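S.K.: Can you keep this structure in mind? I'll have questions shortly.
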Amino acid sequence: MSKQLVLMDHDGGVDDYLATMLLLTMDHIELLGVVVTPADCYIQPAVSATRKILDLMGFSHIPVAESTVRGINPFPSLYRRDSFIVDHLPILNQSETINTPLVADTGQNFMIKVLREASQPVTLMVTGPLTTVAVALDKAPDIETKIQKIVWMGGALNVFGNVEKSLEAGQDGSAEWNAYWDPVSAARVWQTQIEMIMCPLDLTNNVPVTSELVQKMGRQRHYPISDLAGQCYALVIPQDYYFWDVLATAYLGHPEFYQLREWETKIITTGLSQGRTQVVSGGRKISAMHQVDKAAFYAYILQQWQSSSYRYPGITLRSAAAVS
Ligand SMILES: [Ca+2]
């Protein structure tokens with residue numbers, strides 16, 4: 001049976017590394033590459049951390065590309081600086097060299113190339129803004145038919161957004177950050193015929209990262225991926241944190257955990273509501289993850305983090321150093 005082809009496009013937040021790690025544990029997926037969009041991160045450490053994670057998990061043949069697109073409403077620097085912290089975690093720095101290749105071309109051009117060369121349509125797993133996808137579509141409209149679907153963490157349909165009014169003057173609190181960073185690009189993707197499966201705040205608000213769950217990761221920390229995941233979640237435990245990107249990505253592993261619901265929507269691109277994904281009759285049809293079996297989801301990620309069926313070159317290096 002051939003594997004499901006996936007191209008990941010993440011934007012370098014703590015959650016994005018965890019989503020990438022989860023994707024790498026899925027045996028039925030062939031990951032064609034990882035594009036990093038410079039949104040919820042500083043791009044240099046975000047690309048570096050991504051490549052080190054691929055090294056650690058034994059996937060250093062998968063290329064990583066740096067997107068050079070720009071958004072309209074930047075993420076707060078307080079969020080973005082987490083990329084520096086993750087890039088400096090000890091478990092990701094046991095070797096002085098990084099083996100996972102950095103693509104010479106831009107992330108948007110890499111996306112076009114991967115899609116054109118793919119033997120069958122590809123699922124785009126997008127856990128950041130849709131800007132890189134929109135720019136790729138503008139440069140190469142022919143790739144639309146090579147995108148099987150887009151699974152996107154983004155949007156807020158019937159709940160408030162997470163762009164706080166107090167932080168961002170001049171908007172009404174209805175937007176979700178990934179849409180708000182670049183509403184025009186989200187609207188560009190909305191103009192296509194591509195199947196959209198959204199993981200909106202409506203669902204993620206119900207799936208918090210709990211202290212109990214992070215502590216469970218600690219109890220299986222002899223598995224290096226669980227150790228790394230626990231370290232990452234410990235960073236964000238003081239704030240209200242939810243399974244955003246990880247919940248969206250787990251859909252590829254176990255779609256049967258989720259109930260989808262179809263909505264007609266439009267993206268507001270200007271004014272106080274810019275970045276809002278508004279439910280409107282006659283709007284663009286999308287599917288949204290509506291409900292999830294939370295117990296099954298929590299059990300699934302704990303199980304995947306302790307997966308021992310992968311090679312961990314970083315761990316081998318550490319053992320060798322201890323012996324010599
Ligand atoms: Ca993200």
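In the structure tokens, chains take the letters A, B, ... in the order shown, each chain's residues start at 1, and ligands count up from 1 in the order shown.
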Give me the residues within 8 Å of Thr100 in chain A as a list in words, counting only C-alpha atoms and dropping any in the same chain fewer than 2 places off.
M.R.: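 Here the answer would be Arg51, Lys52, Leu54, Asp55, Phe59, Ser60, His61, Ile62, Pro63, Val64, Ile98 and Leu102 of chain A.
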S.K.: Go ahead and write the residues just picked, N, CA, C and O atoms, as a CSV table (one decimal), in the first residue's frame.
M.R.:
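What follows is the written file selection.csv:
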```
chain,number,residue,atom,x,y,z
A,51,ARG,N,15.4,21.3,11.7
A,51,ARG,CA,16.4,20.4,11.1
A,51,ARG,C,17.0,19.5,12.2
A,51,ARG,O,17.2,18.3,12.0
A,52,LYS,N,17.2,20.1,13.4
A,52,LYS,CA,17.7,19.3,14.5
A,52,LYS,C,16.7,18.2,14.9
A,52,LYS,O,17.1,17.1,15.3
A,54,LEU,N,14.5,16.7,13.0
A,54,LEU,CA,14.6,15.7,12.0
A,54,LEU,C,15.8,14.8,12.2
A,54,LEU,O,15.8,13.6,12.0
A,55,ASP,N,16.9,15.4,12.5
A,55,ASP,CA,18.2,14.6,12.8
A,55,ASP,C,17.9,13.7,14.0
A,55,ASP,O,18.2,12.5,13.9
A,59,PHE,N,15.3,11.2,10.6
A,59,PHE,CA,14.7,11.6,9.3
A,59,PHE,C,15.6,12.7,8.6
A,59,PHE,O,15.0,13.6,8.0
A,60,SER,N,16.9,12.5,8.6
A,60,SER,CA,17.7,13.6,8.1
A,60,SER,C,17.8,13.6,6.6
A,60,SER,O,18.6,14.4,6.0
A,61,HIS,N,17.0,12.7,5.9
A,61,HIS,CA,16.9,12.8,4.5
A,61,HIS,C,15.8,13.7,4.0
A,61,HIS,O,15.7,14.0,2.8
A,62,ILE,N,15.0,14.2,4.9
A,62,ILE,CA,13.8,15.0,4.6
A,62,ILE,C,14.3,16.5,4.5
A,62,ILE,O,14.8,17.0,5.5
A,63,PRO,N,14.1,17.2,3.4
A,63,PRO,CA,14.6,18.6,3.3
A,63,PRO,C,13.7,19.6,4.0
A,63,PRO,O,12.5,19.4,4.1
A,64,VAL,N,14.4,20.6,4.5
A,64,VAL,CA,13.7,21.7,5.2
A,64,VAL,C,13.9,23.0,4.4
A,64,VAL,O,15.1,23.2,3.9
A,98,ILE,N,24.6,19.7,11.7
A,98,ILE,CA,23.2,19.3,11.4
A,98,ILE,C,23.2,18.6,10.0
A,98,ILE,O,23.9,19.1,9.1
A,102,LEU,N,19.2,21.9,4.2
A,102,LEU,CA,18.5,23.1,4.1
A,102,LEU,C,18.4,23.4,2.6
A,102,LEU,O,19.4,23.5,1.9
```
S.K.: Neighbouring residues of ligand 1 are defined here as those with any atom at most 12 Å from a ligand atom, counting only C-alpha atoms and all ligand atoms; list them as a short mmCIF file (atom, residue, chain, number, x, y, z; two decimals) with all heavy atoms, in the first residue's frame.
M.R.:
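Wrote it out as part-v7.cif, contents follow:
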```
data_model
loop_
_atom_site.label_atom_id
_atom_site.label_comp_id
_atom_site.auth_asym_id
_atom_site.auth_seq_id
_atom_site.Cartn_x
_atom_site.Cartn_y
_atom_site.Cartn_z
N MET A 8 4.62 19.42 4.93
CA MET A 8 4.32 20.19 6.14
C MET A 8 4.73 21.65 5.93
O MET A 8 5.80 21.93 5.38
CB MET A 8 5.13 19.59 7.30
CG MET A 8 5.02 20.33 8.61
SD MET A 8 3.72 19.60 9.57
CE MET A 8 3.78 20.54 11.09
N ASP A 9 3.89 22.56 6.38
CA ASP A 9 4.22 24.00 6.35
C ASP A 9 3.89 24.53 7.74
O ASP A 9 2.73 24.68 8.09
CB ASP A 9 3.36 24.67 5.27
CG ASP A 9 3.53 26.20 5.22
OD1 ASP A 9 4.21 26.78 6.09
OD2 ASP A 9 2.94 26.80 4.30
N HIS A 10 4.94 24.75 8.55
CA HIS A 10 4.68 25.23 9.91
C HIS A 10 5.33 26.60 10.10
O HIS A 10 6.10 27.06 9.26
CB HIS A 10 5.12 24.19 10.95
CG HIS A 10 6.59 24.12 11.26
ND1 HIS A 10 7.30 25.17 11.78
CD2 HIS A 10 7.49 23.09 11.14
CE1 HIS A 10 8.56 24.81 11.97
NE2 HIS A 10 8.71 23.56 11.58
N ASP A 11 5.02 27.25 11.22
CA ASP A 11 5.52 28.62 11.39
C ASP A 11 6.33 28.80 12.67
O ASP A 11 6.42 29.91 13.20
CB ASP A 11 4.39 29.64 11.27
CG ASP A 11 3.45 29.66 12.46
OD1 ASP A 11 3.28 28.60 13.11
OD2 ASP A 11 2.89 30.73 12.77
N GLY A 12 6.93 27.69 13.16
CA GLY A 12 8.01 27.84 14.13
C GLY A 12 7.64 28.12 15.57
O GLY A 12 8.50 28.44 16.37
N GLY A 13 6.36 27.98 15.93
CA GLY A 13 5.98 28.10 17.33
C GLY A 13 6.28 26.79 18.07
O GLY A 13 6.58 25.77 17.44
N VAL A 14 6.19 26.81 19.38
CA VAL A 14 6.46 25.60 20.17
C VAL A 14 5.58 24.45 19.67
O VAL A 14 6.03 23.32 19.44
CB VAL A 14 6.19 25.87 21.67
CG1 VAL A 14 6.28 24.57 22.46
CG2 VAL A 14 7.18 26.88 22.21
N ASP A 15 4.31 24.76 19.48
CA ASP A 15 3.33 23.80 19.01
C ASP A 15 3.69 23.20 17.64
O ASP A 15 3.40 22.04 17.35
CB ASP A 15 2.02 24.59 18.88
CG ASP A 15 0.81 23.76 19.12
OD1 ASP A 15 0.95 22.66 19.65
OD2 ASP A 15 -0.28 24.24 18.78
N ASP A 16 4.33 24.00 16.81
CA ASP A 16 4.67 23.55 15.46
C ASP A 16 5.74 22.46 15.48
O ASP A 16 5.68 21.52 14.69
CB ASP A 16 5.20 24.73 14.64
CG ASP A 16 4.14 25.78 14.41
OD1 ASP A 16 3.36 25.64 13.46
OD2 ASP A 16 4.08 26.75 15.20
N TYR A 17 6.71 22.58 16.40
CA TYR A 17 7.75 21.53 16.49
C TYR A 17 7.11 20.23 16.96
O TYR A 17 7.43 19.14 16.48
CB TYR A 17 8.87 21.94 17.44
CG TYR A 17 9.46 23.29 17.09
CD1 TYR A 17 9.32 24.37 17.95
CD2 TYR A 17 10.11 23.48 15.88
CE1 TYR A 17 9.83 25.62 17.61
CE2 TYR A 17 10.62 24.72 15.53
CZ TYR A 17 10.46 25.79 16.41
OH TYR A 17 10.94 27.03 16.06
N LEU A 18 6.18 20.35 17.90
CA LEU A 18 5.51 19.17 18.43
C LEU A 18 4.64 18.52 17.35
O LEU A 18 4.59 17.29 17.25
CB LEU A 18 4.68 19.57 19.65
CG LEU A 18 5.57 19.98 20.83
CD1 LEU A 18 4.85 20.93 21.77
CD2 LEU A 18 6.06 18.75 21.57
N ALA A 19 4.00 19.34 16.53
CA ALA A 19 3.19 18.80 15.43
C ALA A 19 4.08 18.07 14.43
O ALA A 19 3.73 17.00 13.93
CB ALA A 19 2.43 19.94 14.75
N THR A 20 5.25 18.64 14.15
CA THR A 20 6.19 17.99 13.24
C THR A 20 6.65 16.65 13.81
O THR A 20 6.70 15.63 13.11
CB THR A 20 7.41 18.91 13.00
OG1 THR A 20 6.95 20.19 12.56
CG2 THR A 20 8.35 18.31 11.96
N VAL A 36 9.20 26.14 6.50
CA VAL A 36 8.99 26.98 7.68
C VAL A 36 8.61 28.38 7.22
O VAL A 36 9.36 29.05 6.50
CB VAL A 36 10.24 27.02 8.59
CG1 VAL A 36 9.92 27.80 9.86
CG2 VAL A 36 10.71 25.60 8.93
N THR A 37 7.42 28.81 7.63
CA THR A 37 6.91 30.15 7.30
C THR A 37 7.27 31.09 8.45
O THR A 37 7.03 30.75 9.62
CB THR A 37 5.38 30.08 7.08
OG1 THR A 37 5.13 29.33 5.88
CG2 THR A 37 4.77 31.47 6.92
N PRO A 38 7.84 32.26 8.16
CA PRO A 38 8.39 33.12 9.22
C PRO A 38 7.32 33.94 9.95
O PRO A 38 7.29 35.16 9.85
CB PRO A 38 9.36 34.03 8.46
CG PRO A 38 8.76 34.14 7.10
CD PRO A 38 8.10 32.83 6.82
N ALA A 39 6.46 33.25 10.72
CA ALA A 39 5.36 33.97 11.37
C ALA A 39 5.50 33.96 12.90
O ALA A 39 5.94 34.94 13.48
CB ALA A 39 4.03 33.37 10.94
N ASP A 40 5.16 32.82 13.54
CA ASP A 40 5.21 32.76 15.01
C ASP A 40 6.61 32.35 15.48
O ASP A 40 6.78 31.43 16.28
CB ASP A 40 4.14 31.76 15.48
CG ASP A 40 4.00 31.74 17.00
OD1 ASP A 40 4.54 32.63 17.67
OD2 ASP A 40 3.34 30.80 17.51
N CYS A 41 7.63 33.00 14.93
CA CYS A 41 9.02 32.60 15.22
C CYS A 41 9.98 33.66 14.72
O CYS A 41 9.58 34.60 14.04
CB CYS A 41 9.34 31.29 14.49
SG CYS A 41 9.37 31.45 12.68
N ALA A 46 14.13 28.89 14.02
CA ALA A 46 13.02 27.98 13.71
C ALA A 46 13.43 26.94 12.68
O ALA A 46 13.12 25.75 12.81
CB ALA A 46 11.82 28.78 13.21
N PHE A 75 3.37 38.59 14.54
CA PHE A 75 3.16 37.99 15.86
C PHE A 75 3.96 38.77 16.90
O PHE A 75 5.04 39.30 16.60
CB PHE A 75 3.65 36.54 15.86
CG PHE A 75 2.64 35.54 15.38
CD1 PHE A 75 2.46 35.30 14.02
CD2 PHE A 75 1.87 34.81 16.28
CE1 PHE A 75 1.54 34.36 13.57
CE2 PHE A 75 0.95 33.87 15.83
CZ PHE A 75 0.78 33.65 14.48
N TYR A 79 5.95 35.81 21.78
CA TYR A 79 5.66 34.47 21.27
C TYR A 79 6.84 33.97 20.43
O TYR A 79 7.26 32.82 20.51
CB TYR A 79 4.44 34.47 20.35
CG TYR A 79 3.10 34.91 20.90
CD1 TYR A 79 2.93 35.35 22.21
CD2 TYR A 79 1.98 34.86 20.08
CE1 TYR A 79 1.69 35.76 22.67
CE2 TYR A 79 0.73 35.26 20.54
CZ TYR A 79 0.60 35.72 21.83
OH TYR A 79 -0.64 36.12 22.26
N ARG A 80 7.36 34.88 19.61
CA ARG A 80 8.33 34.46 18.59
C ARG A 80 9.64 34.00 19.20
O ARG A 80 10.36 33.19 18.64
CB ARG A 80 8.58 35.60 17.61
CG ARG A 80 7.32 36.03 16.86
CD ARG A 80 7.54 37.31 16.09
NE ARG A 80 8.52 37.14 15.02
CZ ARG A 80 9.12 38.15 14.39
NH1 ARG A 80 8.86 39.40 14.75
NH2 ARG A 80 9.97 37.91 13.43
N ASP A 82 10.25 32.08 21.56
CA ASP A 82 10.31 30.66 21.94
C ASP A 82 11.14 29.84 20.94
O ASP A 82 11.71 28.81 21.30
CB ASP A 82 8.90 30.06 22.01
CG ASP A 82 8.14 30.49 23.27
OD1 ASP A 82 8.80 30.90 24.25
OD2 ASP A 82 6.90 30.41 23.26
N SER A 83 11.21 30.31 19.70
CA SER A 83 11.99 29.56 18.70
C SER A 83 13.47 29.49 19.10
O SER A 83 14.13 28.48 18.85
CB SER A 83 11.83 30.20 17.32
OG SER A 83 12.09 31.59 17.36
N MET A 125 -0.16 19.95 5.18
CA MET A 125 -0.44 20.09 6.61
C MET A 125 0.10 21.45 7.02
O MET A 125 1.31 21.65 7.12
CB MET A 125 0.27 18.95 7.36
CG MET A 125 0.02 18.92 8.86
SD MET A 125 -1.69 18.51 9.25
CE MET A 125 -2.13 19.93 10.27
N VAL A 126 -0.79 22.41 7.26
CA VAL A 126 -0.38 23.79 7.50
C VAL A 126 -0.75 24.18 8.93
O VAL A 126 -1.92 24.22 9.29
CB VAL A 126 -1.04 24.76 6.50
CG1 VAL A 126 -0.53 26.19 6.75
CG2 VAL A 126 -0.75 24.34 5.06
N THR A 127 0.27 24.48 9.73
CA THR A 127 0.02 24.85 11.14
C THR A 127 0.42 26.29 11.42
O THR A 127 0.68 26.67 12.56
CB THR A 127 0.78 23.88 12.09
OG1 THR A 127 2.17 23.92 11.77
CG2 THR A 127 0.26 22.47 11.95
N GLY A 128 0.46 27.09 10.37
CA GLY A 128 0.72 28.53 10.50
C GLY A 128 -0.16 29.25 9.49
O GLY A 128 -1.10 28.68 8.95
N PRO A 129 0.16 30.51 9.21
CA PRO A 129 -0.59 31.26 8.20
C PRO A 129 -0.50 30.60 6.82
O PRO A 129 0.41 29.84 6.54
CB PRO A 129 0.11 32.62 8.20
CG PRO A 129 0.71 32.74 9.57
CD PRO A 129 1.14 31.35 9.93
N LEU A 130 -1.47 30.96 5.96
CA LEU A 130 -1.56 30.33 4.63
C LEU A 130 -0.77 31.09 3.57
O LEU A 130 -0.93 30.87 2.37
CB LEU A 130 -3.04 30.25 4.22
CG LEU A 130 -3.84 29.21 5.01
CD1 LEU A 130 -5.35 29.45 4.84
CD2 LEU A 130 -3.48 27.79 4.57
N TRP A 152 -5.66 22.56 8.00
CA TRP A 152 -5.14 23.85 8.49
C TRP A 152 -5.56 24.12 9.92
O TRP A 152 -6.74 24.07 10.24
CB TRP A 152 -5.66 24.99 7.61
CG TRP A 152 -5.16 26.35 7.99
CD1 TRP A 152 -3.89 26.72 8.25
CD2 TRP A 152 -5.96 27.55 8.11
NE1 TRP A 152 -3.82 28.08 8.53
CE2 TRP A 152 -5.08 28.61 8.45
CE3 TRP A 152 -7.32 27.83 7.95
CZ2 TRP A 152 -5.52 29.92 8.65
CZ3 TRP A 152 -7.76 29.14 8.15
CH2 TRP A 152 -6.85 30.17 8.49
N MET A 153 -4.57 24.37 10.79
CA MET A 153 -4.91 24.91 12.10
C MET A 153 -5.13 26.40 11.91
O MET A 153 -4.19 27.16 11.65
CB MET A 153 -3.77 24.68 13.09
CG MET A 153 -4.16 24.95 14.55
SD MET A 153 -4.21 26.67 14.96
CE MET A 153 -5.88 26.80 15.59
N GLY A 154 -6.39 26.81 12.03
CA GLY A 154 -6.66 28.23 11.87
C GLY A 154 -8.14 28.51 11.93
O GLY A 154 -8.97 27.62 11.81
N GLU A 176 -8.48 34.83 14.52
CA GLU A 176 -7.51 33.84 15.00
C GLU A 176 -6.15 34.24 14.40
O GLU A 176 -6.09 34.74 13.28
CB GLU A 176 -7.97 32.44 14.57
CG GLU A 176 -7.07 31.29 14.96
CD GLU A 176 -5.88 31.14 14.05
OE1 GLU A 176 -6.02 31.45 12.84
OE2 GLU A 176 -4.81 30.71 14.53
N TRP A 177 -5.08 34.00 15.16
CA TRP A 177 -3.77 34.54 14.78
C TRP A 177 -3.29 34.12 13.39
O TRP A 177 -2.75 34.92 12.63
CB TRP A 177 -2.70 34.19 15.83
CG TRP A 177 -2.42 35.32 16.76
CD1 TRP A 177 -2.76 35.40 18.09
CD2 TRP A 177 -1.77 36.57 16.46
NE1 TRP A 177 -2.36 36.61 18.61
CE2 TRP A 177 -1.76 37.35 17.65
CE3 TRP A 177 -1.21 37.11 15.30
CZ2 TRP A 177 -1.19 38.62 17.69
CZ3 TRP A 177 -0.65 38.39 15.35
CH2 TRP A 177 -0.64 39.12 16.54
N ASN A 178 -3.42 32.86 13.02
CA ASN A 178 -2.89 32.41 11.73
C ASN A 178 -3.60 33.10 10.56
O ASN A 178 -3.00 33.34 9.51
CB ASN A 178 -3.00 30.89 11.59
CG ASN A 178 -1.95 30.17 12.43
OD1 ASN A 178 -0.94 30.76 12.80
ND2 ASN A 178 -2.21 28.91 12.74
N ALA A 179 -4.89 33.39 10.76
CA ALA A 179 -5.62 34.11 9.72
C ALA A 179 -5.27 35.60 9.76
O ALA A 179 -5.15 36.26 8.73
CB ALA A 179 -7.12 33.91 9.90
N TRP A 181 -2.48 37.07 10.72
CA TRP A 181 -1.11 37.42 10.27
C TRP A 181 -1.14 37.88 8.81
O TRP A 181 -0.41 38.78 8.43
CB TRP A 181 -0.20 36.19 10.41
CG TRP A 181 1.28 36.48 10.30
CD1 TRP A 181 2.06 37.10 11.23
CD2 TRP A 181 2.15 36.12 9.23
NE1 TRP A 181 3.36 37.15 10.79
CE2 TRP A 181 3.45 36.56 9.57
CE3 TRP A 181 1.98 35.47 8.00
CZ2 TRP A 181 4.57 36.37 8.75
CZ3 TRP A 181 3.07 35.28 7.17
CH2 TRP A 181 4.35 35.73 7.55
N CYS A 199 -8.98 23.18 11.62
CA CYS A 199 -9.04 22.90 13.04
C CYS A 199 -9.17 24.27 13.73
O CYS A 199 -8.16 24.92 14.00
CB CYS A 199 -7.78 22.16 13.48
SG CYS A 199 -7.75 21.72 15.21
N TYR A 242 -3.22 25.50 24.45
CA TYR A 242 -4.13 24.46 23.96
C TYR A 242 -3.42 23.62 22.92
O TYR A 242 -2.39 24.02 22.38
CB TYR A 242 -5.39 25.11 23.37
CG TYR A 242 -6.18 25.84 24.43
CD1 TYR A 242 -5.90 27.16 24.75
CD2 TYR A 242 -7.17 25.18 25.15
CE1 TYR A 242 -6.58 27.82 25.76
CE2 TYR A 242 -7.87 25.83 26.16
CZ TYR A 242 -7.57 27.14 26.46
OH TYR A 242 -8.24 27.78 27.46
N PHE A 243 -3.97 22.47 22.63
CA PHE A 243 -3.46 21.67 21.53
C PHE A 243 -4.01 22.27 20.24
O PHE A 243 -5.10 21.93 19.81
CB PHE A 243 -3.86 20.21 21.69
CG PHE A 243 -3.06 19.52 22.75
CD1 PHE A 243 -3.58 19.32 24.00
CD2 PHE A 243 -1.78 19.07 22.49
CE1 PHE A 243 -2.85 18.68 25.00
CE2 PHE A 243 -1.03 18.44 23.48
CZ PHE A 243 -1.57 18.25 24.73
N TRP A 244 -3.24 23.20 19.67
CA TRP A 244 -3.64 23.80 18.40
C TRP A 244 -3.06 22.98 17.25
O TRP A 244 -3.76 22.16 16.64
CB TRP A 244 -3.11 25.25 18.32
CG TRP A 244 -3.75 26.21 19.28
CD1 TRP A 244 -5.07 26.60 19.29
CD2 TRP A 244 -3.11 26.92 20.36
NE1 TRP A 244 -5.26 27.52 20.30
CE2 TRP A 244 -4.10 27.74 20.97
CE3 TRP A 244 -1.81 26.96 20.85
CZ2 TRP A 244 -3.82 28.58 22.04
CZ3 TRP A 244 -1.54 27.79 21.92
CH2 TRP A 244 -2.53 28.59 22.51
N ASP A 245 -1.78 23.17 16.97
CA ASP A 245 -1.16 22.52 15.81
C ASP A 245 -1.12 21.00 15.96
O ASP A 245 -1.26 20.26 14.98
CB ASP A 245 0.27 23.04 15.62
CG ASP A 245 0.30 24.54 15.38
OD1 ASP A 245 -0.78 25.14 15.17
OD2 ASP A 245 1.40 25.12 15.42
N VAL A 246 -0.93 20.54 17.19
CA VAL A 246 -0.85 19.10 17.43
C VAL A 246 -2.23 18.44 17.23
O VAL A 246 -2.34 17.36 16.65
CB VAL A 246 -0.29 18.82 18.84
CG1 VAL A 246 -0.41 17.36 19.21
CG2 VAL A 246 1.16 19.27 18.92
N LEU A 247 -3.27 19.14 17.67
CA LEU A 247 -4.63 18.60 17.47
C LEU A 247 -4.97 18.54 15.98
O LEU A 247 -5.57 17.57 15.51
CB LEU A 247 -5.65 19.47 18.21
CG LEU A 247 -7.08 18.93 18.22
CD1 LEU A 247 -7.20 17.61 18.97
CD2 LEU A 247 -8.04 19.96 18.84
N ALA A 248 -4.57 19.56 15.24
CA ALA A 248 -4.81 19.57 13.80
C ALA A 248 -4.06 18.43 13.12
O ALA A 248 -4.60 17.74 12.25
CB ALA A 248 -4.39 20.92 13.21
N THR A 249 -2.81 18.24 13.52
CA THR A 249 -1.96 17.24 12.86
C THR A 249 -2.37 15.81 13.21
O THR A 249 -2.27 14.91 12.38
CB THR A 249 -0.49 17.49 13.25
OG1 THR A 249 -0.16 18.84 12.90
CG2 THR A 249 0.45 16.55 12.53
#
```
S.K.: Expressed in Å to a single decimal, how great is the separation between CA of Pro208 in chain A and CA of His28 in chain A?
M.R.: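 Value for the CA of Pro208 in chain A-CA of His28 in chain A distance: 27.1 Å.
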S.K.: Report as a PDB file with N, CA and C atoms, in the first residue's frame all protein, DNA and RNA residues lying within 12 Å of Thr269 in chain A, evaluated on only C-alpha atoms, omitting residues in the same chain fewer than 5 positions from it.
M.R.:
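Printed below is out31.pdb as written:
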```pdb
ATOM      1  N   ILE A  72       1.120  40.577   7.268  1.00  0.00           N
ATOM      2  CA  ILE A  72       0.667  41.960   7.404  1.00  0.00           C
ATOM      3  C   ILE A  72       0.696  42.394   8.878  1.00  0.00           C
ATOM      4  N   ASN A  73       0.300  41.479   9.770  1.00  0.00           N
ATOM      5  CA  ASN A  73       0.226  41.771  11.208  1.00  0.00           C
ATOM      6  C   ASN A  73       1.159  40.820  11.967  1.00  0.00           C
ATOM      7  N   GLN A 171      -8.552  46.349  16.199  1.00  0.00           N
ATOM      8  CA  GLN A 171      -9.328  45.200  15.716  1.00  0.00           C
ATOM      9  C   GLN A 171     -10.277  44.740  16.824  1.00  0.00           C
ATOM     10  N   ALA A 175     -10.572  37.659  15.289  1.00  0.00           N
ATOM     11  CA  ALA A 175      -9.652  36.906  14.420  1.00  0.00           C
ATOM     12  C   ALA A 175      -8.803  35.908  15.193  1.00  0.00           C
ATOM     13  N   ALA A 179      -4.888  33.388  10.763  1.00  0.00           N
ATOM     14  CA  ALA A 179      -5.618  34.112   9.718  1.00  0.00           C
ATOM     15  C   ALA A 179      -5.271  35.599   9.761  1.00  0.00           C
ATOM     16  N   TYR A 180      -5.074  36.114  10.975  1.00  0.00           N
ATOM     17  CA  TYR A 180      -4.818  37.543  11.171  1.00  0.00           C
ATOM     18  C   TYR A 180      -3.454  37.961  10.632  1.00  0.00           C
ATOM     19  N   TRP A 181      -2.479  37.071  10.719  1.00  0.00           N
ATOM     20  CA  TRP A 181      -1.115  37.416  10.270  1.00  0.00           C
ATOM     21  C   TRP A 181      -1.143  37.882   8.815  1.00  0.00           C
ATOM     22  N   ASP A 182      -2.010  37.229   8.032  1.00  0.00           N
ATOM     23  CA  ASP A 182      -2.111  37.588   6.617  1.00  0.00           C
ATOM     24  C   ASP A 182      -3.492  37.198   6.075  1.00  0.00           C
ATOM     25  N   PRO A 183      -4.501  38.022   6.363  1.00  0.00           N
ATOM     26  CA  PRO A 183      -5.858  37.697   5.919  1.00  0.00           C
ATOM     27  C   PRO A 183      -5.988  37.607   4.396  1.00  0.00           C
ATOM     28  N   VAL A 184      -5.201  38.389   3.690  1.00  0.00           N
ATOM     29  CA  VAL A 184      -5.313  38.404   2.225  1.00  0.00           C
ATOM     30  C   VAL A 184      -4.924  37.042   1.638  1.00  0.00           C
ATOM     31  N   SER A 185      -3.893  36.445   2.220  1.00  0.00           N
ATOM     32  CA  SER A 185      -3.473  35.132   1.723  1.00  0.00           C
ATOM     33  C   SER A 185      -4.486  34.046   2.075  1.00  0.00           C
ATOM     34  N   ALA A 186      -5.087  34.152   3.250  1.00  0.00           N
ATOM     35  CA  ALA A 186      -6.141  33.182   3.595  1.00  0.00           C
ATOM     36  C   ALA A 186      -7.279  33.300   2.584  1.00  0.00           C
ATOM     37  N   ALA A 187      -7.634  34.544   2.249  1.00  0.00           N
ATOM     38  CA  ALA A 187      -8.708  34.759   1.271  1.00  0.00           C
ATOM     39  C   ALA A 187      -8.319  34.213  -0.102  1.00  0.00           C
ATOM     40  N   ARG A 188      -7.039  34.308  -0.448  1.00  0.00           N
ATOM     41  CA  ARG A 188      -6.558  33.763  -1.729  1.00  0.00           C
ATOM     42  C   ARG A 188      -6.777  32.250  -1.787  1.00  0.00           C
ATOM     43  N   TRP A 190      -8.940  30.663  -0.076  1.00  0.00           N
ATOM     44  CA  TRP A 190     -10.404  30.460  -0.072  1.00  0.00           C
ATOM     45  C   TRP A 190     -10.988  30.520  -1.493  1.00  0.00           C
ATOM     46  N   GLN A 274     -10.467  42.156  10.413  1.00  0.00           N
ATOM     47  CA  GLN A 274      -9.564  41.475   9.464  1.00  0.00           C
ATOM     48  C   GLN A 274      -9.004  40.202  10.088  1.00  0.00           C
ATOM     49  N   GLY A 275      -9.038  39.139   9.285  1.00  0.00           N
ATOM     50  CA  GLY A 275      -8.596  37.834   9.772  1.00  0.00           C
ATOM     51  C   GLY A 275      -9.722  36.985  10.332  1.00  0.00           C
ATOM     52  N   ARG A 276     -10.926  37.538  10.369  1.00  0.00           N
ATOM     53  CA  ARG A 276     -12.049  36.732  10.850  1.00  0.00           C
ATOM     54  C   ARG A 276     -12.464  35.725   9.784  1.00  0.00           C
ATOM     55  N   THR A 277     -12.707  34.508  10.211  1.00  0.00           N
ATOM     56  CA  THR A 277     -13.286  33.495   9.324  1.00  0.00           C
ATOM     57  C   THR A 277     -14.778  33.441   9.649  1.00  0.00           C
ATOM     58  N   GLN A 278     -15.539  34.167   8.887  1.00  0.00           N
ATOM     59  CA  GLN A 278     -16.941  34.395   9.226  1.00  0.00           C
ATOM     60  C   GLN A 278     -17.853  33.369   8.554  1.00  0.00           C
TER      61      GLN A 278
END
```
S.K.: Mind pulling up the distance from CA of Leu22 in chain A to CA of Gln215 in chain A?
M.R.: 18.2 Å
S.K.: For CA of Phe84 in chain A and CA of Ile53 in chain A, determine how far apart the two atoms are, in Å to one decimal place.
M.R.: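 Computed distance, CA of Phe84 in chain A to CA of Ile53 in chain A, equals 13.9 Å.
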S.K.: Measuring atom to atom with only C-alpha atoms, identify which of A:Ser166, A:Thr270, A:Thr131, A:Gln306 is nearest to Gln108 in chain A.
M.R.: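 The answer is A:Thr131, which sits nearest to Gln108 in chain A.
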S.K.: Report as a count of residues only all protein, DNA and RNA residues lying within 12 Å of Ala234 in chain A, evaluated on only C-alpha atoms, omitting residues in the same chain fewer than 3 positions from it.
M.R.: 25
S.K.: Point out the residue among A:Asn109, A:Thr68, A:Ser119, A:Thr50 with the least atom-to-atom distance to Leu92 in chain A, counting only C-alpha atoms.
M.R.: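 Nearest candidate to Leu92 in chain A out of A:Asn109, A:Thr68, A:Ser119, A:Thr50: A:Thr50.
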S.K.: For a quick check of understanding, using only C-alpha atoms, which of A:Pro200, A:Gly271, A:Gly282, A:Pro141 has the smallest distance to Leu157 in chain A?
M.R.: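 Checking each candidate against Leu157 in chain A, we get A:Pro200 as the closest.
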